[in-house]
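Student: The structure under discussion is supplied below as structure tokens; questions concerning it will follow.
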Amino acid sequence: MKTSVRIGGGLGYWGDDISAPGKLVREGALDYLVMDFLAEVTMSILRKQMQRDPDAGYATDIIPILRDVLVDAVDRGVTIICNAGGVNPVGCARRVQELARELGVGDRVRVAAISGDDLMPRVGELLERGVGLDNTETGEPFSDVAGRLAGANAYIGAEPVVEALRRGANVVIAGRVADPSLTLGALRHAFGWKHDEWDLLAAGIVAGHLIECGAHVTGGNHQAGWEDVPDMAEIGSPIVEVDGHGRIELSKTPGSGGVVDVSTTIEQLLYEIGDPRAYLTPDVSADWTTLRVSQLAPDVVEITGASGRPAPRTLKVSASYTDGYTTSSLWLYSAPDAVGRARKAREVLERRIARLGLPIDAVHWDLIGMDAVHERRTPRTFTGRPSEVVLRFAARSQDRAALQRVVVELGTVFHGPPGKTTLSPGRARVSSVVSYWPTLAPRELVHPSVELLQEGTPS
């Protein structure tokens with residue numbers, strides 16, 4: 001058994017730099033490459049795609065990424081773990097299997113698909129078993145959105161990843177496995193950590209959380225010193241080297257831009273965790289307050305002292321529902337008294353839209369460049385008179401036709417006042433809205449599964 005394992009964080013979201021995974025595999029001396037593709041809204045997008053095409057529903061960036069990196073990963077013995085499967089992990093795994101054959105390594109690749117997080121087909125069953133599925137943030141009852149449900153996926157943990165690796169997979173394609181649990185699965189497999197060794201599991205979650213957002217931790221989200229981050233255009237991806245006792249060394253792609261220091265590390269540790277005394281994951285409740293972070297060398301930081309307690313009895317469920325329609329437009333006003341011109345345009349449009357008498361649920365206006373973000377601050381952060389300002393209009397309605405009529409009315413802005421440029425090409429689009437519905441489900445009612453698609457022989 002190895003004394004330490006190196007894991008690279010190749011992707012922080014669907015749409016991240018697709019060249020980063022290849023650089024990590026070829027330059028990072030990795031044992032595992034982990035890629036996180038999914039956010040809450042991503043699952044809804046993927047479900048809409050699968051409704052149009054049953055072969056879709058996964059993050060398509062996985063194919064060009066693997067076209068670049070798969071052969072090198074196989075040659076170097078790097079195992080790939082990701083949640084690119086979205087709402088169709090088996091379909092994604094089959095496409096990866098086809099790609100492996102195209103690249104001439106089909107006999108050396110074992111692809112596993114992890115499913116079971118998709119609760120959409122089981123919503124009725126869960127309700128019958130007394131699971132309320134009410135909104136955990138607002139307390140709203142599930143009945144408010146039941147007829148408009150668009151998706152529901154539980155955040156599952158590392159156990160199915162461990163199982164896939166135990167069965168010999170060297171490419172693991174998961175659905176909604178929680179972001180840091182991808183890394184924890186690799187560490188549990190590598191070191192034989194048990195499902196109830198809470199401090200070790202917490203260390204694995206820390207390691208996973210550090211790399212799950214890609215270059216965030218290497219300076220890309222450096223709030224305290226962004227102006228000093230070197231060569232951000234060539235920013236490196238994070239690498240964690242973890243030993244069997246849970247000690248972590250954080251670094252980045254060799255020779256790359258960016259920075260890894262105590263500040264960037266702590267900023268990422270605190271990113272989106274809620275209570276630092278109890279970061280709740282499907283695997284463990286991790287306590288951040290016992291961590292020790294220290295600089296070992298330039299771009300090398302040590303993290304120790306992780307501690308954990310048993311995981312919560314429920315799993316987070318990311319659900320979504322259809323919520324009407326929206327439209328928005330942008331106009332740039334310049335020349336003398338740009339702000340006055342923009343305010344006059346707003347007044348004209350407000351009156352013309354109001355006289356239509358349409359069922360518009362909400363209208364929002366911004367003067368971007370005039371404290372649009374900090375409009376509630378006192379004193380205001382901007383007190384000058386800009387020579388240019390952007391007027392933003394946005395509206396929502398349950399009635400698509402109503403918004404389409406509003407879009408026509410927006411064309412009257414061309415009649416005055418002068419001094420404007422339309423920043424949105426053509427007429428504004430009316431788009432459907434999918435809103436987020438966070439809820440919980442008992443973990444014993446969620447049943448992850450592992451399917452091994454390829455009986456190849458990994459190198």
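In the structure tokens, each chain is lettered A, B, ... as it comes, each chain's residues begin at 1, and ligands are numbered from 1 in order of appearance.
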Can you list, as a list in words, every protein, DNA or RNA residue that comes within 6 Å of Ala152 in chain A when you count only C-alpha atoms, leaving out same-chain residues fewer than 4 positions away?
Tutor: Leu119, Met120, Ser318 and Ala319 of chain A
Student: Using DSSP on the backbone, list every residue of range 326-429 of chain A that comes out as alpha helix (DSSP H), and give them as a list in words.
Tutor: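 Of range 326-429 of chain A, the ones in alpha helix (DSSP H) are Ala338, Val339, Gly340, Arg341, Ala342, Arg343, Lys344, Ala345, Arg346, Glu347, Val348, Leu349, Glu350, Arg351, Arg352, Ile353, Ala354, Arg400, Ala401, Ala402, Leu403, Gln404, Arg405, Val406, Val407, Val408, Glu409 and Leu410 of chain A.
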Student: Please identify all polymer residues within 8 Å of range 429-443 of chain A, counting only C-alpha atoms, omitting same-chain residues fewer than 3 positions from it, and present them as a PyMOL selection string.
Tutor: chain A and resi 40-41+44+131+133-137+150+154+313-328+400+403-404+407+446
Student: Mind checking which residues fall within 12 Å of Gln49 in chain A, counting only C-alpha atoms, ignoring those fewer than 2 positions away in the same chain, and posting them as a list in words?
Tutor: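 Counting only the stated atoms, we get Thr42, Met43, Ser44, Ile45, Leu46, Arg47, Gln51, Arg52, Asp53, Pro54, Asp55, Ala56, Gly57, Tyr58, Ala59, Thr60, Gly86, Val87, Asn88 and Ala150 of chain A.
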Student: With range 25-31 of chain A as the partner and 12 Å as the cut-off, tabulate the residues of range 125-190 of chain A that qualify, each row holding the nearest pair of atoms and their distance in Å to one decimal, using only C-alpha atoms, sorted by chain and rising number, as a tab-separated table.
Tutor:
```
residue	atom	partner	partner_atom	distance
A:Asn170	CA	A:Asp31	CA	10.7
A:Thr183	CA	A:Asp31	CA	11.4
A:Ala186	CA	A:Asp31	CA	9.2
A:Leu187	CA	A:Asp31	CA	10.4
A:His189	CA	A:Asp31	CA	11.9
A:Ala190	CA	A:Asp31	CA	9.7
```
Student: Mind giving me the straight-line distance from CA of Met370 in chain A to CA of Ser387 in chain A in Å, one decimal?
Tutor: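 If I compute the distance from CA of Met370 in chain A to CA of Ser387 in chain A, I get 11.0 Å.
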Student: Calculated over only C-alpha atoms, which of the candidates A:Ala20, A:Ala203, A:Ala112, A:Ala401 has the smallest distance to Ala286 in chain A?
Tutor: A:Ala203
Student: Identify, on the basis of only C-alpha atoms, every residue whose closest approach to Asp261 in chain A does not exceed 6 Å; exclude the query and any residue fewer than 2 positions from it along the same chain; express the result as number ranges by chain.
Tutor: A: 263-264, 299
Student: Using the selection just defined, write its residues with N, CA and C atoms as a PDB file, in the first residue's frame.
Tutor:
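selection33.pdb, freshly written:
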```
ATOM      1  N   SER A 263      -3.394  31.888   2.783  1.00  0.00           N
ATOM      2  CA  SER A 263      -4.600  32.676   2.536  1.00  0.00           C
ATOM      3  C   SER A 263      -5.509  32.009   1.506  1.00  0.00           C
ATOM      4  N   THR A 264      -4.945  31.583   0.375  1.00  0.00           N
ATOM      5  CA  THR A 264      -5.788  30.949  -0.644  1.00  0.00           C
ATOM      6  C   THR A 264      -6.399  29.662  -0.109  1.00  0.00           C
ATOM      7  N   ASP A 299       4.244  27.659  -2.689  1.00  0.00           N
ATOM      8  CA  ASP A 299       3.156  26.923  -3.343  1.00  0.00           C
ATOM      9  C   ASP A 299       2.939  25.524  -2.778  1.00  0.00           C
TER      10      ASP A 299
END
```
Student: Hey, which of A:Pro418, A:Pro298, A:Gly357, A:Pro89 ends up closest to Arg176 in chain A? Count only C-alpha atoms.
Tutor: A:Pro89
Student: Could you give me the residues within range 31-254 of chain A that DSSP places in strand (DSSP E), as number ranges by chain?
Tutor: A: 32-35, 79-82, 111-115, 149-154, 171-174, 238-243, 248-252
Student: Could you turn the residues from that selection into a file that holds N, CA and C atoms, as a compact mmCIF listing (two decimals), in the first residue's frame?
Tutor:
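The result, written out as selection-v8.txt:
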```
# COMPACT_ATOMS: atom_id res chain seq x y z
N TYR A 32 -4.67 9.84 -9.02
CA TYR A 32 -6.07 10.02 -9.38
C TYR A 32 -6.29 11.41 -9.97
N LEU A 33 -7.17 11.49 -10.95
CA LEU A 33 -7.68 12.76 -11.46
C LEU A 33 -9.15 12.83 -11.11
N VAL A 34 -9.54 13.86 -10.38
CA VAL A 34 -10.93 14.06 -9.98
C VAL A 34 -11.48 15.29 -10.68
N MET A 35 -12.69 15.19 -11.20
CA MET A 35 -13.32 16.33 -11.89
C MET A 35 -14.76 16.48 -11.42
N THR A 79 -6.11 6.96 -12.37
CA THR A 79 -7.54 6.65 -12.34
C THR A 79 -8.35 7.94 -12.38
N ILE A 80 -9.41 7.96 -13.18
CA ILE A 80 -10.23 9.15 -13.39
C ILE A 80 -11.57 8.96 -12.68
N ILE A 81 -11.95 9.94 -11.86
CA ILE A 81 -13.21 9.90 -11.13
C ILE A 81 -13.92 11.22 -11.35
N CYS A 82 -15.18 11.18 -11.78
CA CYS A 82 -15.90 12.43 -12.04
C CYS A 82 -17.40 12.22 -11.87
N VAL A 111 -14.84 1.03 -17.35
CA VAL A 111 -15.68 2.18 -17.04
C VAL A 111 -16.80 1.75 -16.11
N ALA A 112 -16.96 2.47 -15.00
CA ALA A 112 -18.06 2.20 -14.08
C ALA A 112 -19.00 3.39 -14.05
N ALA A 113 -20.30 3.11 -13.98
CA ALA A 113 -21.32 4.14 -13.87
C ALA A 113 -21.98 4.04 -12.50
N ILE A 114 -22.09 5.18 -11.81
CA ILE A 114 -22.74 5.23 -10.50
C ILE A 114 -24.07 5.94 -10.65
N SER A 115 -25.15 5.24 -10.31
CA SER A 115 -26.50 5.78 -10.39
C SER A 115 -27.17 5.68 -9.03
N LEU A 149 -42.58 19.80 -10.72
CA LEU A 149 -41.24 19.29 -10.42
C LEU A 149 -40.48 18.97 -11.70
N ALA A 150 -39.24 19.45 -11.78
CA ALA A 150 -38.42 19.22 -12.97
C ALA A 150 -37.27 18.26 -12.72
N GLY A 151 -36.89 18.07 -11.47
CA GLY A 151 -35.78 17.17 -11.16
C GLY A 151 -35.61 17.05 -9.66
N ALA A 152 -35.03 15.94 -9.22
CA ALA A 152 -34.75 15.73 -7.79
C ALA A 152 -33.62 14.72 -7.67
N ASN A 153 -32.47 15.18 -7.21
CA ASN A 153 -31.29 14.31 -7.10
C ASN A 153 -30.70 14.41 -5.71
N ALA A 154 -30.49 13.27 -5.08
CA ALA A 154 -29.85 13.22 -3.77
C ALA A 154 -28.34 13.33 -3.93
N VAL A 171 -11.99 4.31 -14.81
CA VAL A 171 -12.75 5.52 -15.13
C VAL A 171 -14.10 5.37 -14.45
N VAL A 172 -14.40 6.29 -13.54
CA VAL A 172 -15.65 6.24 -12.79
C VAL A 172 -16.50 7.44 -13.20
N ILE A 173 -17.69 7.16 -13.72
CA ILE A 173 -18.62 8.20 -14.15
C ILE A 173 -19.81 8.18 -13.21
N ALA A 174 -19.96 9.22 -12.41
CA ALA A 174 -21.03 9.26 -11.42
C ALA A 174 -22.09 10.28 -11.79
N PRO A 238 -5.17 22.51 -8.73
CA PRO A 238 -4.70 22.05 -7.42
C PRO A 238 -4.38 20.56 -7.39
N ILE A 239 -3.42 20.22 -6.56
CA ILE A 239 -3.04 18.82 -6.29
C ILE A 239 -2.99 18.65 -4.78
N VAL A 240 -3.63 17.60 -4.27
CA VAL A 240 -3.47 17.24 -2.86
C VAL A 240 -2.71 15.93 -2.77
N GLU A 241 -1.73 15.90 -1.91
CA GLU A 241 -1.03 14.66 -1.58
C GLU A 241 -1.40 14.31 -0.15
N VAL A 242 -2.04 13.17 0.02
CA VAL A 242 -2.62 12.79 1.30
C VAL A 242 -2.00 11.47 1.76
N ASP A 243 -1.65 11.38 3.05
CA ASP A 243 -1.14 10.11 3.55
C ASP A 243 -2.23 9.35 4.30
N ILE A 248 -2.41 16.34 4.78
CA ILE A 248 -2.60 16.83 3.41
C ILE A 248 -1.53 17.85 3.06
N GLU A 249 -0.96 17.70 1.87
CA GLU A 249 -0.14 18.76 1.29
C GLU A 249 -0.84 19.25 0.03
N LEU A 250 -1.09 20.54 -0.03
CA LEU A 250 -1.73 21.16 -1.18
C LEU A 250 -0.70 21.88 -2.03
N SER A 251 -0.71 21.60 -3.34
CA SER A 251 0.19 22.29 -4.27
C SER A 251 -0.58 22.52 -5.57
N LYS A 252 0.13 22.72 -6.69
CA LYS A 252 -0.54 22.95 -7.96
C LYS A 252 0.29 22.39 -9.10
```
Student: Applying 9 Å and only C-alpha atoms, which residues near Pro386 in chain A remain after dropping the ones on its own chain fewer than 6 positions away? List them as a PyMOL selection string.
Tutor: chain A and resi 334+336-339+369-370
Student: With a distance cut-off of 9 Å and only C-alpha atoms, select the neighbouring residues of Gly308 in chain A, excluding the residue or stretch itself and same-chain residues fewer than 5 positions from it, and output the selection as JSON, numbers by chain.
Tutor: {"A": [197, 198, 199, 200, 201, 202, 203, 278, 284, 285, 286, 287, 288]}
Student: Create the file for the chosen residues now, containing N, CA and C atoms and written as a JSON list (two decimals), in the first residue's frame.
Tutor:
```json
[["chain", "number", "residue", "atom", "x", "y", "z"],
["A", 197, "GLU", "N", -14.57, 5.72, 10.28],
["A", 197, "GLU", "CA", -13.36, 6.34, 10.83],
["A", 197, "GLU", "C", -13.47, 7.84, 10.60],
["A", 198, "TRP", "N", -14.19, 8.49, 11.50],
["A", 198, "TRP", "CA", -14.70, 9.83, 11.24],
["A", 198, "TRP", "C", -13.61, 10.87, 11.01],
["A", 199, "ASP", "N", -12.52, 10.82, 11.77],
["A", 199, "ASP", "CA", -11.46, 11.81, 11.59],
["A", 199, "ASP", "C", -10.78, 11.64, 10.22],
["A", 200, "LEU", "N", -10.56, 10.41, 9.81],
["A", 200, "LEU", "CA", -9.97, 10.17, 8.50],
["A", 200, "LEU", "C", -10.93, 10.58, 7.39],
["A", 201, "LEU", "N", -12.20, 10.27, 7.56],
["A", 201, "LEU", "CA", -13.18, 10.69, 6.55],
["A", 201, "LEU", "C", -13.23, 12.21, 6.46],
["A", 202, "ALA", "N", -13.14, 12.88, 7.60],
["A", 202, "ALA", "CA", -13.13, 14.34, 7.58],
["A", 202, "ALA", "C", -11.91, 14.87, 6.83],
["A", 203, "ALA", "N", -10.77, 14.22, 7.02],
["A", 203, "ALA", "CA", -9.57, 14.63, 6.28],
["A", 203, "ALA", "C", -9.77, 14.47, 4.78],
["A", 278, "ALA", "N", -19.50, 22.05, 11.74],
["A", 278, "ALA", "CA", -20.24, 20.87, 11.30],
["A", 278, "ALA", "C", -20.55, 21.03, 9.81],
["A", 284, "VAL", "N", -19.72, 12.29, 6.37],
["A", 284, "VAL", "CA", -19.23, 12.66, 7.69],
["A", 284, "VAL", "C", -19.64, 14.11, 7.97],
["A", 285, "SER", "N", -19.79, 14.42, 9.24],
["A", 285, "SER", "CA", -19.93, 15.81, 9.66],
["A", 285, "SER", "C", -18.53, 16.29, 10.06],
["A", 286, "ALA", "N", -17.94, 17.14, 9.23],
["A", 286, "ALA", "CA", -16.54, 17.52, 9.40],
["A", 286, "ALA", "C", -16.42, 18.82, 10.18],
["A", 287, "ASP", "N", -15.47, 18.85, 11.12],
["A", 287, "ASP", "CA", -15.23, 20.02, 11.95],
["A", 287, "ASP", "C", -14.01, 20.76, 11.43],
["A", 288, "TRP", "N", -14.23, 21.95, 10.91],
["A", 288, "TRP", "CA", -13.13, 22.75, 10.36],
["A", 288, "TRP", "C", -12.32, 23.44, 11.46]]
```
Student: With distances taken over only C-alpha atoms, which of A:Trp331, A:Leu103, A:Leu269, A:Ile156 is nearest to Ala306 in chain A?
Tutor: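 Counting only C-alpha atoms, the residue closest to Ala306 in chain A is A:Leu269.
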Student: Would you mind telling me which residue in A:Val217, A:Asp144, A:Thr265, A:Pro448 lies nearest to Gly132 in chain A when using only C-alpha atoms?
Tutor: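 Of A:Val217, A:Asp144, A:Thr265, A:Pro448, the one nearest Gly132 in chain A is A:Asp144, counting only C-alpha atoms.
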